[in-house]
There are 4 protein chains.
Amino acid sequence: MSFNTFGHLFRITTWGESHGPALGVVVDGCPPGITLTPEIIQRDLDRRKPGQSKFTTQRREDDAVKILSGVFEDERTGGPRTTGTPISLMIENTDQRSKDYGDIRDKYRPGHADFTYDQKYGIRDYRGGGRTSARETAARVAAGAVARQVLEGVTIRASLVQVGPHKIDYVNFDWSQVDQNPFFCADAKAAAFWADYLDGIRRDGNSVGAVIEVVAEGVPAGWGAPIYGKLSADLASAMMSINAVKAVEIGDGFDAAALTGVENADQMRAGEGGPHFLSNHAGGILGGISNGDPIVCRFAVKPTSSIITPRQTVTTANEDADIVTKGRHDPCVGIRAVPVGEAMMALVLADHMLRHRGQTGRNGAVGFERN
Amino acid sequence: MSFNTFGHLFRITTWGESHGPALGVVVDGCPPGITLTPEIIQRDLDRRKPGQSKFTTQRREDDAVKILSGVFEDERTGGPRTTGTPISLMIENTDQRSKDYGDIRDKYRPGHADFTYDQKYGIRDYRGGGRTSARETAARVAAGAVARQVLEGVTIRASLVQVGPHKIDYVNFDWSQVDQNPFFCADAKAAAFWADYLDGIRRDGNSVGAVIEVVAEGVPAGWGAPIYGKLSADLASAMMSINAVKAVEIGDGFDAAALTGVENADQMRAGEGGPHFLSNHAGGILGGISNGDPIVCRFAVKPTSSIITPRQTVTTANEDADIVTKGRHDPCVGIRAVPVGEAMMALVLADHMLRHRGQTGRNGAVGFERN
Amino acid sequence: MSFNTFGHLFRITTWGESHGPALGVVVDGCPPGITLTPEIIQRDLDRRKPGQSKFTTQRREDDAVKILSGVFEDERTGGPRTTGTPISLMIENTDQRSKDYGDIRDKYRPGHADFTYDQKYGIRDYRGGGRTSARETAARVAAGAVARQVLEGVTIRASLVQVGPHKIDYVNFDWSQVDQNPFFCADAKAAAFWADYLDGIRRDGNSVGAVIEVVAEGVPAGWGAPIYGKLSADLASAMMSINAVKAVEIGDGFDAAALTGVENADQMRAGEGGPHFLSNHAGGILGGISNGDPIVCRFAVKPTSSIITPRQTVTTANEDADIVTKGRHDPCVGIRAVPVGEAMMALVLADHMLRHRGQTGRNGAVGFERN
Amino acid sequence: MSFNTFGHLFRITTWGESHGPALGVVVDGCPPGITLTPEIIQRDLDRRKPGQSKFTTQRREDDAVKILSGVFEDERTGGPRTTGTPISLMIENTDQRSKDYGDIRDKYRPGHADFTYDQKYGIRDYRGGGRTSARETAARVAAGAVARQVLEGVTIRASLVQVGPHKIDYVNFDWSQVDQNPFFCADAKAAAFWADYLDGIRRDGNSVGAVIEVVAEGVPAGWGAPIYGKLSADLASAMMSINAVKAVEIGDGFDAAALTGVENADQMRAGEGGPHFLSNHAGGILGGISNGDPIVCRFAVKPTSSIITPRQTVTTANEDADIVTKGRHDPCVGIRAVPVGEAMMALVLADHMLRHRGQTGRNGAVGFERN
């Protein structure tokens, strides 16, 4: 089915609400013998953690992860190793400010899922958004850290490439910049410009959207399961499942619509290690299967829906009202979506690595190698 | 899992190659008691059928569907009805021109999945693209026709909204135009312009991409299963699984990234039948659940990869070569993706209708109705 | 897939090792609005808890359950209610005696999964059996308690019906006896006899197997999803997944093989509320679908593999050795499997109730009611 | 989900009714490069085919299989090979005698699923039992033949071991006898005795049940996915899904309940190729994982429900009636279940081989090999 589980052979089930005692994830199907410690997971969680700059929510959460199962160490394993059994990860919620929930209990916040949860379930945990809170993505990032450990030889990185209407200039693209600015942006100049721009947005009690690009290098040709488990389709589902995401594209994406077939063809040349492509309009995926080139995926995040500018809404009793969403909100929730995008890429790839290996008995041929 | 199955409670499994004896689909989980005849399915198949204008491939296929199981009629049912058992639909391939496959057997066509299938499976049916051929989408359209029968009260329509760099003007949008031109285009003027434009592209031995918009009206609030079975995530997966699709967006999609939170908020007002939204930036989906407004989804199709302009490639023996893809190809494969997009929308919605009903015991509340 | 998840629409994912910090379960797909408190779950957990008589392991665990997510209360709900989001339940391990694991680390215990886990994963948490410990069934019982809440109108009960070679006499069958003896046995006389018999087995450092019967009353006709999701097939899988279970049967089960068609036919008679059956050889399931009669399922549990009589085995280094499994073991592990069998029945039925409702829009017709 | 699909990585979806135009199966996830021809599949189908002796139904069906997709041959492959895409197999129904269905249309046959299908779906194809007919098992046998091709090195055989109350004597067990008598019985003496016995049953217008034993040799240690995808649990589900099956056991099964722990322990000894077991009470499965010994599974088939002795029933209008099920029926439907049991064993094992390979990267270690 679906609901709160993602993936097939390597798969995760997340749980938890924003203001409950904890949230977490069960990672099932992880191969045995993989090195795993809380520190490895914490590294990724800390990148997503709120409160690290004025451009993200000031909510303070340690987001300290505990490994409750699935990892074992004895003197013969030389360190903590996964055992092949389910890995349960838990993060306790520590910053649950007691406050008056009156407004979000009784009014539907535009852009939020308050109305639809009520319509679907007839009940909702309104405290901090409950299950719809972006806090759920902490569980994804924790699980993504496990997936990265599985993906030996694969490098997954992401960059914010657009904030509001302002896109980066790819001429300045430099991965080493990503952790040098509060935007996870590979273009230092854009980051500097965005800082001023976002400051203004924040002071206005407003918010903006963003676009994130995720790139995976080192993926061998062969991963992806046509027709309905295409690597591209699973990436689209993965990214679209992130809070506030409204669009996903692979390679040239929407721009490919404007190209001609002559322009869009990624031509090939022979080489010693096998054929290679002269361009990567395809974003590393052909027919739903990786082609050995970098996997390139972009997704758009809508502006943070929680803003302090009043908006028109209705109450749960179907009466007109205005609402102002007070609290500690991200002026651009897209920023913290960067590590989440990396995590989702890792989760999709780990799953497809195992599925490919299961069906074909191969890990995926690099270059021209057919095994 | 995935592979060749799509959906959960209402789900389809497609099979068949371009030049095999037949292709088909098994529709499993269809509710019992639904009216179904070959004519109902044929109506949708005929819209997708090739060879209907000079802008689509001249391959001629009847695409005549047979219902092999799952439908039964006796005097008491008042016509053929689904029985709740799997519905097997088959379409025989009638136009399998015998020809020399030398080139596509021995060379990888840029933009096609020849190389990746070889890398994944070590073997491929190269005749007409085999399993990667767009003929597979006939099976989707047949299954989609069944899904539409299930979705009483829901109207699903699609329009081509961009061909190459040329977008339609939404001012002229008129659903009644869609079946009046060879482009399934709701803007008659755009269609007229595209006709000339595409003629030139075709004569140049070139091709272009396109964008399709699919809209579902009449979907009640409440469908969609957070967190990983969001309606938006399943639509993204569904559309991205269509041949040559590289991008998907819901509502404002990528444009939402450039909006502010004030602009993007779909404000609400109370009304007699319950609350309603004053705008639909969200494309009818909030938090992964339908909100009662029209579901709006767009996807981009890359230019047809089969072109008669020579492109550089390699042989299966890893030697440099040029390739010209002769044959009967669509100058804009996006045109025939229009009915396919409708079918995928229907499949996703039928599945979510059943899943919602299963979990909550309700069909989905229209308007403000909660139970 | 499978691994550590059971069920489809109503489904559980369990995690945790015997000597890790905790074990737990995520219940996903539970309908919203159901009353749920820790006390409701604890009631079932306490029945399964070890250390309650000399016939079960003396390991002492409180098995105190915590609800970490998926339940919410505000003044309008009138008590804690499920919200439709995943319910995370956790039980901390409190009795992890520090001890020397030398023997079970280095030798394979006959009848246990030590050897096969090593063969499969190349690593295992040997402390107390790790993931293979019967402690995992606490998570099932906790989840089963949630399923029972969903199954309004359905009564699920179980009885031990055989210990070693000694079967109960169904003439004495009385459900009210089940909680009056340490064997969950509906036949008070058998229970008294077994007490003496098992005392001898225990003193001999030996163990015995058992058979459990689970009965569900109040299940309407119509649940079960042919062909591969038959109610009987899912029950078989559910019961066989319990530790040490080697056999499952529905209704007359193996005895049906010895009957003739004339004897085995459950004849029907008309009645005011609809047809009824004159016998129940079928155990309430025909063609994989419930027929309105009680669902009857039996399963066999092999003798506890941990015994203090020395047995021949090999070391992990492939050397001959003898092993004695010291520790606190159940002389008849089948006893504590009784509440586990009830839980698995509840989990299967809750899942099928939702699936049936999803596909047909009905809850299942009671009697002849067709809706 | 479930419904008409079985398996995960290697999985099948069957379709078709007894008196529809055809029935079939889609085999998805089959590894590429496997030799497959209609002849290979036909061999297994012919063993199951009706009308081969007076002890099976006289309905005459050719059961000729067609491969519609997923297999390809060119000069380089050296014969027809699977391509990794879905394999669609179809068997046309040729013996659909036109006849009066009045009785089975209007009356519920005891022991059949007529009543429950009506209760579940509100409609049923009553011709020859429709979807509930044992003809569906032809699709399983066809798919099982594909699975056998995948399972290189694994030998799967089955024998009828009980007819009515008469069990075989294992002293006479000889696999070479299985195809020498009309009962697929490994005990020639039992087969001779059963011939007389069944003749009497048939002349009396009665029927009897049976027990089948399926054995798989050559399965390496390591297959099976705890906790809820145990090899034993999946076998139980597989066998219980066969028409008329009411019980399943692994290894000693129900007899294990009567053993002591000392008796039941399969002791181990070291050896050159690794450890081995001194007995096989476990039936080759420990903790849900294969241990390298033969997998032993038995299942019970109830007596054929279609008998010509009148039985009491009700009409669809809830009125008392008697029914005699005329037609061409098996006096012991268990006989033809023998090849079906083999097929289900093959399907479970092929799936687990791929799943094990996916999660661990190994094919399953034979003997003590850990790799």
# chains A, B, ... in the order shown; residues from 1 in each chain; ligands from 1

call {"tool": "residues_around", "arguments": {"residues": "Asp114 of chain D", "least_positions_apart": "6", "cutoff": "10 Å", "atoms": "only C-alpha atoms", "output": "mmCIF file with C-alpha atoms, in the first residue's frame"}}
result
data_model
loop_
_atom_site.group_PDB
_atom_site.id
_atom_site.type_symbol
_atom_site.label_atom_id
_atom_site.label_comp_id
_atom_site.auth_asym_id
_atom_site.auth_seq_id
_atom_site.Cartn_x
_atom_site.Cartn_y
_atom_site.Cartn_z
ATOM 1 C CA LEU C 286 -15.660 -20.693 1.728
ATOM 2 C CA GLY C 287 -13.571 -19.855 -1.319
ATOM 3 C CA ILE D 104 -26.104 -23.395 -9.955
ATOM 4 C CA ARG D 105 -27.389 -19.987 -10.901
ATOM 5 C CA ASP D 106 -30.256 -20.103 -8.464
ATOM 6 C CA LYS D 107 -29.025 -22.380 -5.687
ATOM 7 C CA TYR D 108 -25.950 -22.228 -3.482
ATOM 8 C CA ILE D 123 -22.839 -10.755 -8.488
ATOM 9 C CA ARG D 124 -21.042 -13.880 -9.667
ATOM 10 C CA ASP D 125 -20.233 -15.679 -12.885
ATOM 11 C CA TYR D 126 -21.941 -18.965 -12.014
ATOM 12 C CA GLY D 129 -17.891 -21.831 -10.820
ATOM 13 C CA GLY D 130 -16.477 -18.844 -12.674
ATOM 14 C CA THR D 132 -13.668 -20.048 -8.132
ATOM 15 C CA THR D 316 -30.636 -17.117 -3.963
#

call {"tool": "select_by_dssp", "arguments": {"residues": "segment 40-128 of chain B", "states": "alpha helix (DSSP H)", "output": "list in words"}}
result
Ile40, Ile41, Gln42, Arg43, Asp44, Leu45, Asp46, Arg47, Arg48, Gly102, Asp103, Ile104, Arg105, Asp106, Asp114, Phe115, Thr116, Tyr117, Asp118, Gln119, Lys120 and Tyr121 of chain B

call {"tool": "residues_around", "arguments": {"residues": "segment 74-84 of chain D", "least_positions_apart": "3", "cutoff": "8 Å", "atoms": "only C-alpha atoms", "output": "ChimeraX atom specification"}}
result
/B:121,123-125 /D:28-37,70-71,87

call {"tool": "atom_distance", "arguments": {"atom1": "atom CA of Ala192 of chain C", "atom2": "atom CA of Ile212 of chain C"}}
result
17.0 Å

call {"tool": "interface_residues", "arguments": {"of": "chain D", "to": "chain A", "cutoff": "6 Å", "atoms": "only C-alpha atoms", "output": "PyMOL selection string"}}
result
chain D and resi 31+354-355+357-360

call {"tool": "residues_around", "arguments": {"residues": "Val248 of chain C", "least_positions_apart": "5", "cutoff": "7 Å", "atoms": "only C-alpha atoms", "output": "JSON, numbers by chain"}}
result
{"C": [236, 239, 240, 298, 299, 300], "D": [247, 248, 249]}

call {"tool": "closest_residue", "arguments": {"among": "C:Trp223, C:Phe193, C:Val65, C:Ile250", "to": "Lys167 of chain C", "atoms": "only C-alpha atoms"}}
result
C:Phe193

call {"tool": "residues_around", "arguments": {"residues": "segment 215-217 of chain D", "least_positions_apart": "3", "cutoff": "7 Å", "atoms": "only C-alpha atoms", "output": "list in words"}}
result
Val154, Thr155, Ile156, Arg157, Ala158, Pro294, Ile295, Val296 and Cys297 of chain D

call {"tool": "write_last_selection", "arguments": {"atoms": "C-alpha atoms", "output": "tab-separated table (two decimals), in the first residue's frame"}}
result
chain	number	residue	atom	x	y	z
D	154	VAL	CA	16.57	-26.91	-7.00
D	155	THR	CA	14.41	-30.04	-7.47
D	156	ILE	CA	10.74	-29.79	-6.55
D	157	ARG	CA	8.60	-32.91	-6.37
D	158	ALA	CA	5.29	-33.84	-4.82
D	294	PRO	CA	15.01	-30.39	2.07
D	295	ILE	CA	11.97	-28.11	2.45
D	296	VAL	CA	9.04	-30.37	3.38
D	297	CYS	CA	5.48	-29.11	3.20

call {"tool": "residues_around", "arguments": {"residues": "Asp293 of chain D", "least_positions_apart": "3", "cutoff": "10 Å", "atoms": "only C-alpha atoms", "output": "PyMOL selection string"}}
result
chain D and resi 216-221+276-277+279-280+282-285+290+296+367

call {"tool": "write_last_selection", "arguments": {"atoms": "N, CA and C atoms", "output": "CSV table (one decimal), in the first residue's frame"}}
result
chain,number,residue,atom,x,y,z
D,216,ALA,N,11.2,-29.8,-1.6
D,216,ALA,CA,12.2,-29.1,-2.5
D,216,ALA,C,13.6,-29.4,-2.0
D,217,GLU,N,14.4,-30.0,-2.9
D,217,GLU,CA,15.8,-30.3,-2.5
D,217,GLU,C,16.7,-29.3,-3.3
D,218,GLY,N,17.9,-29.0,-2.6
D,218,GLY,CA,18.8,-28.2,-3.3
D,218,GLY,C,18.7,-26.7,-2.9
D,219,VAL,N,17.8,-26.4,-2.0
D,219,VAL,CA,17.6,-25.0,-1.6
D,219,VAL,C,18.8,-24.6,-0.6
D,220,PRO,N,19.5,-23.6,-0.9
D,220,PRO,CA,20.6,-23.3,0.0
D,220,PRO,C,20.1,-22.7,1.3
D,221,ALA,N,20.9,-22.7,2.3
D,221,ALA,CA,20.6,-22.0,3.5
D,221,ALA,C,20.5,-20.5,3.3
D,276,HIS,N,26.1,-30.1,9.3
D,276,HIS,CA,24.8,-30.7,8.7
D,276,HIS,C,23.9,-31.2,9.9
D,277,PHE,N,22.7,-31.4,9.6
D,277,PHE,CA,21.7,-31.8,10.6
D,277,PHE,C,21.5,-33.3,10.6
D,279,SER,N,18.8,-34.8,11.6
D,279,SER,CA,17.4,-35.1,11.3
D,279,SER,C,16.7,-33.9,10.7
D,280,ASN,N,15.5,-34.0,10.3
D,280,ASN,CA,14.8,-32.9,9.6
D,280,ASN,C,13.4,-32.7,10.1
D,282,ALA,N,12.4,-30.2,11.3
D,282,ALA,CA,12.0,-28.8,11.0
D,282,ALA,C,11.5,-28.6,9.6
D,283,GLY,N,11.7,-29.6,8.8
D,283,GLY,CA,11.3,-29.5,7.4
D,283,GLY,C,12.1,-28.4,6.6
D,284,GLY,N,13.4,-28.3,7.1
D,284,GLY,CA,14.3,-27.4,6.3
D,284,GLY,C,14.1,-26.0,6.6
D,285,ILE,N,13.4,-25.6,7.6
D,285,ILE,CA,13.2,-24.2,7.9
D,285,ILE,C,13.3,-23.9,9.4
D,290,SER,N,15.5,-20.9,5.3
D,290,SER,CA,15.9,-22.3,4.9
D,290,SER,C,17.3,-22.6,5.6
D,296,VAL,N,10.1,-29.4,3.4
D,296,VAL,CA,9.0,-30.4,3.4
D,296,VAL,C,7.7,-29.7,3.8
D,367,GLY,N,25.7,-25.0,2.4
D,367,GLY,CA,26.6,-25.5,3.4
D,367,GLY,C,27.0,-24.4,4.4

call {"tool": "select_by_dssp", "arguments": {"residues": "segment 56-280 of chain A", "states": "strand (DSSP E or B)", "output": "number ranges by chain"}}
result
A: 65-67, 71-72, 81-82, 87-92, 107, 155-163, 166-167, 208, 210-217, 221, 225, 229, 245-250, 260, 268-269, 276-277

call {"tool": "residues_around", "arguments": {"residues": "Asp187 of chain D", "least_positions_apart": "4", "cutoff": "7 Å", "atoms": "only C-alpha atoms", "output": "ChimeraX atom specification"}}
result
/D:168,172-174,177,191
